[in-house]
Amino acid sequence: MDALERVGTPRASRPAEPPAWRHTLHRAALELALTTAMLFVVVTATRWLMGTPHPTDSDADGGWWNTLHGRLLVLAPIAGYTITAIMLSPWGRRTGGHVNPAITLAMWRYGRTPARDVLPFVAAQLLGSVLGTLAGRLVWGGVVAGPGVDYAAVRPAADWSWAAVAGVETATMFGIVGVAGIGVSSRRLDPFTPWAVGTLIAAQIIAFGTLSGGVANPVRQFGPAVLAGDTPFLAVYLLAPLLGALAATVVVNRLTRTRRADR
């Protein structure tokens, strides 16, 4: 009788899976927090490295340390390997640690991020850019809004045109997204991808920081530029990395399909 009763008893229903939108919002909230942290680090590093004393292009009064190029040699690895740390963090592993709309767009094109996550991620990243910059202003005070820091907003050299900045921002993002795409498509290379991305970000800051601004991330400039009221080149810094990311995904996806077809 007991056996018959057990046969006829329906199994306990499994707990229902949470709806997809809840999962998306949770991941977007993590991207918001990670982007806020990234911008706070950027503002903090800029405040202490660029804000006092104001660096000049002269070797007098402090030697190489008191030049823009000299201080970028310190600022660049801080910015680059902050991204590496975010990607390797527990929250970063949940979301991919994008903290960059161009990376989110690329990871969608690479099939690593669901389409439903793209817009919430981008919205969270833009909001995090503003919140992280405001947090830096709150913690470090008025010096963040003053000369030499300007909320950590970047600007190109005086003789750089809109088109020149767009070209460099597109090309640098193409390289970063291309390397990231090759990395995430290979089980052997994937563990090294966060380090490669951080190194490339640091390298492009050193190479182009005093020329184009060396941004390669729309949210790196969005919050600082809006709060500083420094928006003449903002459209370039927002759109050019997206163009570079899309171009890189076309190339990498085609190479990946060709490699699979040749096997």
# chains A, B, ... in the order shown; residues from 1 in each chain; ligands from 1
>>> residues_around(residues="A:Val42", least_positions_apart="2", cutoff="9 Å", atoms="only C-alpha atoms", output="PDB file with N, CA, C and O atoms, in the first residue's frame")
ATOM      1  N   ALA A  37      32.176  52.569  -8.903  1.00  0.00           N
ATOM      2  CA  ALA A  37      33.486  52.366  -8.275  1.00  0.00           C
ATOM      3  C   ALA A  37      34.614  52.766  -9.217  1.00  0.00           C
ATOM      4  O   ALA A  37      35.599  53.398  -8.801  1.00  0.00           O
ATOM      5  N   MET A  38      34.492  52.400 -10.496  1.00  0.00           N
ATOM      6  CA  MET A  38      35.535  52.745 -11.458  1.00  0.00           C
ATOM      7  C   MET A  38      35.714  54.251 -11.571  1.00  0.00           C
ATOM      8  O   MET A  38      36.841  54.765 -11.543  1.00  0.00           O
ATOM      9  N   LEU A  39      34.614  54.986 -11.695  1.00  0.00           N
ATOM     10  CA  LEU A  39      34.724  56.440 -11.824  1.00  0.00           C
ATOM     11  C   LEU A  39      35.249  57.076 -10.554  1.00  0.00           C
ATOM     12  O   LEU A  39      35.992  58.068 -10.601  1.00  0.00           O
ATOM     13  N   PHE A  40      34.896  56.519  -9.405  1.00  0.00           N
ATOM     14  CA  PHE A  40      35.444  57.056  -8.163  1.00  0.00           C
ATOM     15  C   PHE A  40      36.964  56.895  -8.142  1.00  0.00           C
ATOM     16  O   PHE A  40      37.696  57.809  -7.737  1.00  0.00           O
ATOM     17  N   THR A  44      39.572  59.965  -8.102  1.00  0.00           N
ATOM     18  CA  THR A  44      40.535  59.995  -7.008  1.00  0.00           C
ATOM     19  C   THR A  44      41.967  60.053  -7.534  1.00  0.00           C
ATOM     20  O   THR A  44      42.783  60.868  -7.072  1.00  0.00           O
ATOM     21  N   ALA A  45      42.280  59.199  -8.508  1.00  0.00           N
ATOM     22  CA  ALA A  45      43.629  59.194  -9.073  1.00  0.00           C
ATOM     23  C   ALA A  45      43.939  60.519  -9.758  1.00  0.00           C
ATOM     24  O   ALA A  45      45.051  61.060  -9.631  1.00  0.00           O
ATOM     25  N   THR A  46      42.967  61.070 -10.480  1.00  0.00           N
ATOM     26  CA  THR A  46      43.180  62.340 -11.160  1.00  0.00           C
ATOM     27  C   THR A  46      43.360  63.465 -10.146  1.00  0.00           C
ATOM     28  O   THR A  46      44.223  64.344 -10.320  1.00  0.00           O
ATOM     29  N   ARG A  47      42.578  63.443  -9.072  1.00  0.00           N
ATOM     30  CA  ARG A  47      42.696  64.480  -8.041  1.00  0.00           C
ATOM     31  C   ARG A  47      44.094  64.496  -7.438  1.00  0.00           C
ATOM     32  O   ARG A  47      44.708  65.537  -7.244  1.00  0.00           O
ATOM     33  N   LEU A  75      49.274  57.281 -13.737  1.00  0.00           N
ATOM     34  CA  LEU A  75      47.810  57.221 -13.836  1.00  0.00           C
ATOM     35  C   LEU A  75      47.343  56.079 -14.731  1.00  0.00           C
ATOM     36  O   LEU A  75      46.349  55.403 -14.436  1.00  0.00           O
ATOM     37  N   ILE A  78      47.043  52.595 -13.159  1.00  0.00           N
ATOM     38  CA  ILE A  78      45.962  52.606 -12.174  1.00  0.00           C
ATOM     39  C   ILE A  78      44.619  52.434 -12.873  1.00  0.00           C
ATOM     40  O   ILE A  78      43.787  51.605 -12.469  1.00  0.00           O
ATOM     41  N   ALA A  79      44.414  53.206 -13.947  1.00  0.00           N
ATOM     42  CA  ALA A  79      43.154  53.124 -14.686  1.00  0.00           C
ATOM     43  C   ALA A  79      43.006  51.767 -15.371  1.00  0.00           C
ATOM     44  O   ALA A  79      41.947  51.135 -15.311  1.00  0.00           O
ATOM     45  N   THR A  82      42.621  48.825 -12.839  1.00  0.00           N
ATOM     46  CA  THR A  82      41.327  48.892 -12.152  1.00  0.00           C
ATOM     47  C   THR A  82      40.289  48.103 -12.945  1.00  0.00           C
ATOM     48  O   THR A  82      39.461  47.382 -12.371  1.00  0.00           O
ATOM     49  N   GLY A 132      29.635  57.942  -9.698  1.00  0.00           N
ATOM     50  CA  GLY A 132      31.024  57.789  -9.279  1.00  0.00           C
ATOM     51  C   GLY A 132      31.764  59.110  -9.267  1.00  0.00           C
ATOM     52  O   GLY A 132      32.580  59.368  -8.370  1.00  0.00           O
ATOM     53  N   THR A 133      31.477  59.956 -10.251  1.00  0.00           N
ATOM     54  CA  THR A 133      32.099  61.272 -10.290  1.00  0.00           C
ATOM     55  C   THR A 133      31.610  62.132  -9.130  1.00  0.00           C
ATOM     56  O   THR A 133      32.402  62.837  -8.481  1.00  0.00           O
ATOM     57  N   GLY A 136      33.324  61.124  -5.959  1.00  0.00           N
ATOM     58  CA  GLY A 136      34.653  61.709  -5.866  1.00  0.00           C
ATOM     59  C   GLY A 136      34.601  63.153  -5.416  1.00  0.00           C
ATOM     60  O   GLY A 136      35.420  63.600  -4.594  1.00  0.00           O
ATOM     61  N   ALA A 152      37.789  65.234 -13.502  1.00  0.00           N
ATOM     62  CA  ALA A 152      38.516  64.205 -14.263  1.00  0.00           C
ATOM     63  C   ALA A 152      38.091  64.145 -15.725  1.00  0.00           C
ATOM     64  O   ALA A 152      38.346  63.154 -16.415  1.00  0.00           O
ATOM     65  N   ARG A 220      33.707  56.699 -19.215  1.00  0.00           N
ATOM     66  CA  ARG A 220      34.854  57.357 -18.585  1.00  0.00           C
ATOM     67  C   ARG A 220      34.759  58.868 -18.746  1.00  0.00           C
ATOM     68  O   ARG A 220      35.219  59.630 -17.897  1.00  0.00           O
TER      69      ARG A 220
END
>>> residues_around(residues="A:Ala171", least_positions_apart="3", cutoff="12 Å", atoms="only C-alpha atoms", output="ChimeraX atom specification")
/A:164-168,174-178,204,208,212,214-216,240-248
>>> atom_distance(atom1="atom CA of A:Asp150", atom2="atom CA of A:Thr231")
12.3 Å
>>> atom_distance(atom1="atom CA of A:Arg137", atom2="atom CA of A:Gly51")
12.7 Å
>>> closest_residue(among="A:Leu238, A:Ala180, A:Leu49, A:Val154", to="A:Leu73", atoms="only C-alpha atoms")
A:Leu49
